[in-house]
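With mmCIF, C-alpha atoms inside, this is input.cif:
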data_protein
loop_
_atom_site.label_atom_id
_atom_site.label_comp_id
_atom_site.auth_asym_id
_atom_site.auth_seq_id
_atom_site.Cartn_x
_atom_site.Cartn_y
_atom_site.Cartn_z
CA MET J 1 61.17 104.24 19.08
CA ALA J 2 62.26 106.75 21.66
CA PRO J 3 65.74 108.29 21.64
CA CYS J 4 68.21 107.09 24.27
CA ASP J 5 68.30 110.37 26.17
CA GLY J 6 64.64 111.29 25.90
CA GLY J 7 63.43 114.82 25.27
CA ALA J 8 60.06 116.43 24.76
CA VAL J 9 58.51 116.58 21.31
CA PRO J 10 58.49 120.20 20.09
CA ALA J 11 55.31 122.04 19.22
CA ALA J 12 53.90 122.07 15.68
CA LEU J 13 56.23 123.46 13.07
CA ALA J 14 55.93 127.05 11.92
CA GLN J 15 53.98 127.59 8.72
CA ASP J 16 56.98 128.95 6.82
CA VAL J 17 58.75 125.58 7.07
CA ALA J 18 56.24 123.93 4.79
CA GLU J 19 56.15 126.88 2.43
CA HIS J 20 59.85 127.28 1.69
CA PRO J 21 61.30 124.78 -0.82
CA ALA J 22 64.48 124.37 1.22
CA LEU J 23 62.47 122.53 3.88
CA ARG J 24 59.83 120.92 1.70
CA PRO J 25 60.41 117.17 2.05
CA SER J 26 60.12 114.91 -0.94
CA ARG J 27 58.88 111.97 1.11
CA GLU J 28 58.47 108.42 -0.06
CA ALA J 29 56.03 106.14 1.76
CA MET J 30 58.76 103.52 1.44
CA ALA J 31 62.05 104.23 -0.26
CA ARG J 32 62.47 101.69 -3.05
CA ALA J 33 66.19 102.13 -3.41
CA SER J 34 68.32 99.03 -3.54
CA LEU J 35 71.99 98.17 -3.77
CA ALA J 36 71.32 96.22 -6.97
CA GLY J 37 72.65 99.10 -9.05
CA LEU J 38 75.13 100.49 -6.51
CA VAL J 39 78.70 99.23 -6.28
CA LEU J 40 80.51 100.14 -3.07
CA ARG J 41 83.88 99.18 -1.62
CA PRO J 42 83.45 96.18 0.73
CA GLU J 43 84.45 98.17 3.81
CA LEU J 44 82.00 100.95 2.95
CA LEU J 45 79.17 98.51 2.36
CA ALA J 46 79.97 96.76 5.65
CA ARG J 47 79.81 100.08 7.53
CA LEU J 48 76.49 100.98 5.89
CA GLU J 49 75.06 97.59 6.84
CA ALA J 50 76.29 98.11 10.41
CA VAL J 51 74.46 101.45 10.58
CA VAL J 52 71.27 99.73 9.42
CA LEU J 53 71.67 96.97 12.02
CA GLU J 54 72.41 99.41 14.85
CA ASN J 55 69.30 101.46 14.12
CA ASP J 56 67.12 98.41 13.55
CA ARG J 57 68.06 97.16 17.03
CA ALA J 58 68.48 100.53 18.71
CA ASP J 59 66.38 99.49 21.71
CA GLU J 60 68.90 96.78 22.60
CA LEU J 61 71.76 99.27 22.42
CA CYS J 62 69.91 101.89 24.44
CA ALA J 63 69.17 99.34 27.16
CA ARG J 64 72.93 99.04 27.65
CA GLY J 65 73.59 102.76 27.51
CA LEU J 66 74.75 102.72 23.88
CA ALA J 67 73.45 104.80 20.98
CA PRO J 68 73.14 103.82 17.31
CA CYS J 69 75.04 105.71 14.62
CA ARG J 70 72.47 108.26 13.38
CA ARG J 71 74.46 111.25 12.12
CA LEU J 72 76.50 110.38 9.05
CA LEU J 73 78.68 112.62 6.94
CA MET J 74 78.70 111.15 3.42
CA ALA J 75 81.68 112.70 1.68
CA GLY J 76 82.69 112.34 -1.94
CA PRO J 77 82.30 113.73 -5.46
CA ASP J 78 78.94 114.24 -7.12
CA GLY J 79 77.39 111.11 -8.55
CA CYS J 80 79.35 108.64 -6.41
CA GLY J 81 76.29 106.93 -4.90
CA ARG J 82 75.88 108.81 -1.60
CA ARG J 83 72.20 109.59 -2.05
CA MET J 84 71.36 106.08 -3.27
CA ALA J 85 73.19 104.58 -0.30
CA ALA J 86 71.22 106.79 2.10
CA ARG J 87 67.92 105.82 0.50
CA TYR J 88 68.93 102.18 0.69
CA ALA J 89 69.43 102.55 4.45
CA ALA J 90 66.02 104.21 4.77
CA SER J 91 64.42 101.40 2.79
CA ARG J 92 66.07 98.69 4.92
CA LEU J 93 64.82 100.39 8.09
CA GLY J 94 61.33 100.95 6.68
CA LEU J 95 61.59 104.70 7.28
CA PRO J 96 60.41 107.58 5.12
CA ALA J 97 63.20 109.54 3.43
CA ALA J 98 63.00 113.33 3.29
CA SER J 99 65.41 115.34 1.09
CA PHE J 100 66.34 118.94 1.83
CA ASP J 101 68.55 121.33 -0.15
CA LEU J 102 70.40 123.34 2.49
CA GLY J 103 71.73 125.69 -0.17
CA LEU J 104 68.27 127.19 -0.56
CA LEU J 105 68.50 128.52 2.99
CA LEU J 106 70.98 131.08 1.67
CA GLY J 107 68.11 132.86 -0.05
CA LEU J 108 66.31 133.45 3.25
CA PRO J 109 66.85 136.30 5.70
CA ARG J 110 69.43 135.18 8.25
CA ALA J 111 67.04 134.98 11.22
CA LYS J 112 64.46 133.06 9.22
CA ALA J 113 67.10 130.63 7.94
CA ARG J 114 68.20 129.94 11.51
CA ARG J 115 64.59 129.28 12.54
CA SER J 116 64.20 126.93 9.60
CA ILE J 117 67.19 124.89 10.74
CA GLU J 118 65.71 124.65 14.23
CA ASP J 119 62.36 123.60 12.79
CA LEU J 120 64.05 120.89 10.72
CA PHE J 121 65.30 119.23 13.90
CA ALA J 122 61.94 119.73 15.60
CA LYS J 123 60.43 117.82 12.71
CA ALA J 124 62.98 115.02 13.20
CA ALA J 125 61.84 114.69 16.82
CA GLN J 126 58.18 114.47 15.83
CA ALA J 127 58.50 111.46 13.52
CA ARG J 128 61.40 109.03 13.07
CA SER J 129 62.68 109.50 9.53
CA CYS J 130 65.82 109.56 7.41
CA PHE J 131 66.84 113.07 6.40
CA LEU J 132 69.07 113.56 3.34
CA LEU J 133 70.69 116.99 3.51
CA SER J 134 72.42 118.24 0.36
CA GLY J 135 73.95 121.65 -0.32
CA PHE J 136 76.15 121.54 2.79
CA ASP J 137 79.27 122.67 0.93
CA GLY J 138 77.54 125.89 -0.13
CA LEU J 139 76.45 126.49 3.45
CA LEU J 140 80.02 126.04 4.65
CA ALA J 141 81.40 128.46 2.08
CA ALA J 142 78.79 131.10 2.91
CA SER J 143 79.38 130.75 6.66
CA ARG J 144 82.98 131.95 6.52
CA GLY J 145 83.29 135.24 8.32
CA GLN J 146 79.67 135.36 9.46
CA PRO J 147 79.50 136.55 13.07
CA PRO J 148 78.58 135.30 15.55
CA LEU J 149 77.48 131.95 14.10
CA GLY J 150 77.12 131.07 10.41
CA LEU J 151 74.38 128.83 9.07
CA ALA J 152 76.72 125.86 8.70
CA GLU J 153 77.85 126.21 12.30
CA ALA J 154 74.21 126.55 13.42
CA LEU J 155 73.35 123.34 11.57
CA LEU J 156 76.32 121.47 13.08
CA HIS J 157 75.37 122.69 16.55
CA GLU J 158 71.79 121.44 16.17
CA LEU J 159 73.07 118.17 14.74
CA ALA J 160 75.44 117.56 17.64
CA GLN J 161 72.67 118.32 20.16
CA ASP J 162 69.95 116.29 18.43
CA ALA J 163 68.33 113.70 20.69
CA SER J 164 65.73 112.33 18.27
CA ALA J 165 65.61 108.80 16.85
CA SER J 166 65.86 110.08 13.27
CA LEU J 167 68.84 109.52 10.97
CA PHE J 168 70.71 112.32 9.23
CA PHE J 169 72.75 111.79 6.05
CA VAL J 170 74.66 114.97 5.18
CA LEU J 171 76.13 114.99 1.67
CA ALA J 172 79.36 116.93 1.22
CA GLY J 173 82.56 117.04 -0.82
CA GLU J 174 85.53 114.93 0.23
CA GLU J 175 87.52 117.98 1.39
CA VAL J 176 85.37 118.24 4.57
CA LEU J 177 87.01 115.08 5.92
CA GLY J 178 90.06 117.16 6.83
CA ARG J 179 88.03 119.60 8.93
CA PRO J 180 87.60 118.35 12.53
CA GLU J 181 85.30 121.27 13.38
CA VAL J 182 82.88 119.68 10.89
CA THR J 183 83.40 115.95 11.43
CA ARG J 184 83.08 116.06 15.23
CA ALA J 185 79.35 116.81 14.90
CA PHE J 186 78.82 113.39 13.27
CA ASP J 187 78.80 109.84 14.59
CA ASP J 188 80.77 108.69 11.56
CA ALA J 189 82.04 109.85 8.18
CA LEU J 190 81.76 107.63 5.10
CA ALA J 191 84.15 108.37 2.23
CA PHE J 192 82.69 107.67 -1.20
CA ALA J 193 84.69 107.75 -4.44
CA LEU J 194 84.35 107.41 -8.18
CA PRO J 195 84.27 103.74 -9.26
CA ASP J 196 87.64 102.04 -9.84
CA PRO J 197 88.12 99.60 -12.78
CA ALA J 198 86.74 96.59 -10.90
CA ALA J 199 83.72 98.59 -9.74
CA VAL J 200 83.13 99.91 -13.28
CA LEU J 201 82.89 96.39 -14.71
CA GLU J 202 80.60 95.22 -11.92
CA LEU J 203 78.43 98.31 -12.17
CA VAL J 204 77.93 97.93 -15.93
CA ARG J 205 77.00 94.27 -15.51
CA ARG J 206 74.51 95.04 -12.75
CA CYS J 207 72.92 97.96 -14.57
CA LEU J 208 72.48 96.00 -17.81
CA GLY J 209 71.25 92.89 -16.04
CA ASP J 210 69.90 90.30 -18.50
CA PHE J 211 70.99 92.53 -21.41
CA ALA J 212 74.69 92.28 -20.49
CA GLY J 213 75.34 89.34 -22.80
CA SER J 214 77.68 91.21 -25.14
CA LEU J 215 79.96 93.89 -23.69
CA PRO J 216 82.77 95.96 -25.21
CA ALA J 217 86.35 94.82 -24.77
CA ARG J 218 87.54 95.45 -21.20
CA GLN J 219 90.08 98.14 -22.08
CA ALA J 220 87.68 100.00 -24.34
CA LEU J 221 84.98 99.92 -21.67
CA LEU J 222 87.33 101.18 -18.95
CA GLU J 223 88.61 103.95 -21.20
CA ALA J 224 85.06 105.11 -21.98
CA CYS J 225 84.24 105.13 -18.25
CA ARG J 226 87.43 106.94 -17.17
CA GLY J 227 86.51 109.82 -14.86
CA LEU J 228 82.77 109.09 -15.01
CA SER J 229 80.72 109.12 -11.84
CA HIS J 230 78.63 106.20 -10.67
CA ARG J 231 75.52 108.10 -11.72
CA SER J 232 76.78 108.85 -15.25
CA ILE J 233 77.71 105.22 -15.88
CA ALA J 234 74.30 104.08 -14.64
CA LEU J 235 72.55 106.63 -16.87
CA ALA J 236 74.55 105.52 -19.91
CA CYS J 237 73.55 101.92 -19.22
CA GLN J 238 69.93 103.02 -18.95
CA ASP J 239 70.25 104.68 -22.36
CA GLU J 240 71.48 101.39 -23.79
CA LEU J 241 68.70 99.42 -22.09
CA LYS J 242 66.10 101.70 -23.64
CA ALA J 243 67.75 101.31 -27.03
CA CYS J 244 67.63 97.52 -26.64
CA VAL J 245 63.94 97.55 -25.79
CA LEU J 246 62.99 99.91 -28.61
CA ALA J 247 65.09 98.02 -31.19
CA GLY J 248 63.97 94.61 -30.02
CA ARG J 249 67.51 93.53 -29.14
CA ALA J 250 68.12 90.83 -26.52
CA SER J 251 71.50 92.21 -25.40
CA ALA J 252 73.52 95.40 -25.37
CA ASP J 253 75.35 96.48 -28.50
CA PRO J 254 79.02 97.13 -27.59
CA ALA J 255 79.46 100.04 -29.99
CA SER J 256 76.19 101.65 -28.91
CA LEU J 257 77.07 101.31 -25.22
CA LEU J 258 80.47 102.92 -25.77
CA ARG J 259 78.81 105.84 -27.58
CA SER J 260 76.40 106.32 -24.66
CA LEU J 261 79.27 106.32 -22.15
CA ARG J 262 81.35 108.77 -24.17
CA ARG J 263 78.37 111.08 -24.54
CA ARG J 264 77.93 111.10 -20.76
CA ALA J 265 81.54 112.25 -20.35
CA PHE J 266 80.52 115.70 -21.63
CA ALA J 267 78.11 116.09 -18.70
CA GLU J 268 80.72 115.48 -16.01
#

Translate the structure of the given file into structure tokens.
Amino acid sequence: MAPCDGGAVPAALAQDVAEHPALRPSREAMARASLAGLVLRPELLARLEAVVLENDRADELCARGLAPCRRLLMAGPDGCGRRMAARYAASRLGLPAASFDLGLLLGLPRAKARRSIEDLFAKAAQARSCFLLSGFDGLLAASRGQPPLGLAEALLHELAQDASASLFFVLAGEEVLGRPEVTRAFDDALAFALPDPAAVLELVRRCLGDFAGSLPARQALLEACRGLSHRSIALACQDELKACVLAGRASADPASLLRSLRRRAFAE
């Protein structure tokens, strides 16, 4: 699918792009992510589904002079489901997902890091993909006071000018939502958050699946999950699922599940 405003495909990427781990994609032939284990607020889920629909039918939009939402800022605390949501979108669109740690660019000489950013967008023009960019907060912090243009500003400039058909999901902390010099480079910003009580209960049920027959009392479960990220709750449920399988149990043990959740609190 061609981008709305055209543009020539750049020449082959420089050799150093493939060699440096910051720009070494961890591609999946087809992302197998699913929303089965991801609980999102209804309005956030609706926006994510709209992004999928717009990009699935991008040709129809382009024919009317409209462009799909391709550049998304996914803001929120670690473990709140941003990466899983991005991979879900890639899976729905049937696109490969490539993950890049922007923070590793800080270990490169400045000129080489700038070239690597340019090569990243050249790669996006060569093949339609979904790019998951983490480490943006570190890039922003390091760019303060860097004349004439810091790495974060260079990335935002390339992002705003990108004319490919690829999608970009940039993961960042929630504080970036108050910075217009950052958000204006994106088509939209999605605000993720730690799960609220209703989301906690739904998440535990989904993660345990057929093993969710016996759960702890509601208040005890919510107390054990207080302050935990989506990822930590899911990992605690996985611990309990493994314990069920190894012990030959048909359902979760409430006391064991609570212990797993409380243990995960130390990793937050």

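Across J:Leu104, J:Phe168, J:Leu190, J:Arg259, the tightest approach to J:Leu48 is made by J:Leu190 when counting all atoms listed in the file.
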
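Considering the residues J:Cys130, J:Ala67, J:Leu44, J:Cys207 and counting all atoms listed in the file, J:Ala98 has its shortest atom-to-atom contact with J:Cys130.
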
Written as a PyMOL selection string, what is the full residue list that the PyMOL selection byres ((chain J and resi 251) around 8) yields on the file shown?
chain J and resi 210-214+244+249-250+252-253

Quote the spacing between atom CA of J:Val39 and atom CA of J:Ala199 in Å to one decimal place.
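Distance reported for this atom pair: 6.1 Å.
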
Separation of atom CA of J:Leu102 and atom CA of J:Ser134, in Å?
5.9 Å

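Taking only C-alpha atoms into account, J:Leu40 lies nearest to J:Cys80 out of the set J:Ala265, J:Leu120, J:Ala141, J:Cys80.
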
How big is the axis-aligned box around the listed atoms of stretch 216-232 of chain J once 4 Å is added on each side, and where is its centre? Give both in Å to one decimal, as AutoDock Vina command-line options.
--center_x 82.8 --center_y 102.3 --center_z -17.9 --size_x 22.6 --size_y 23.0 --size_z 22.5
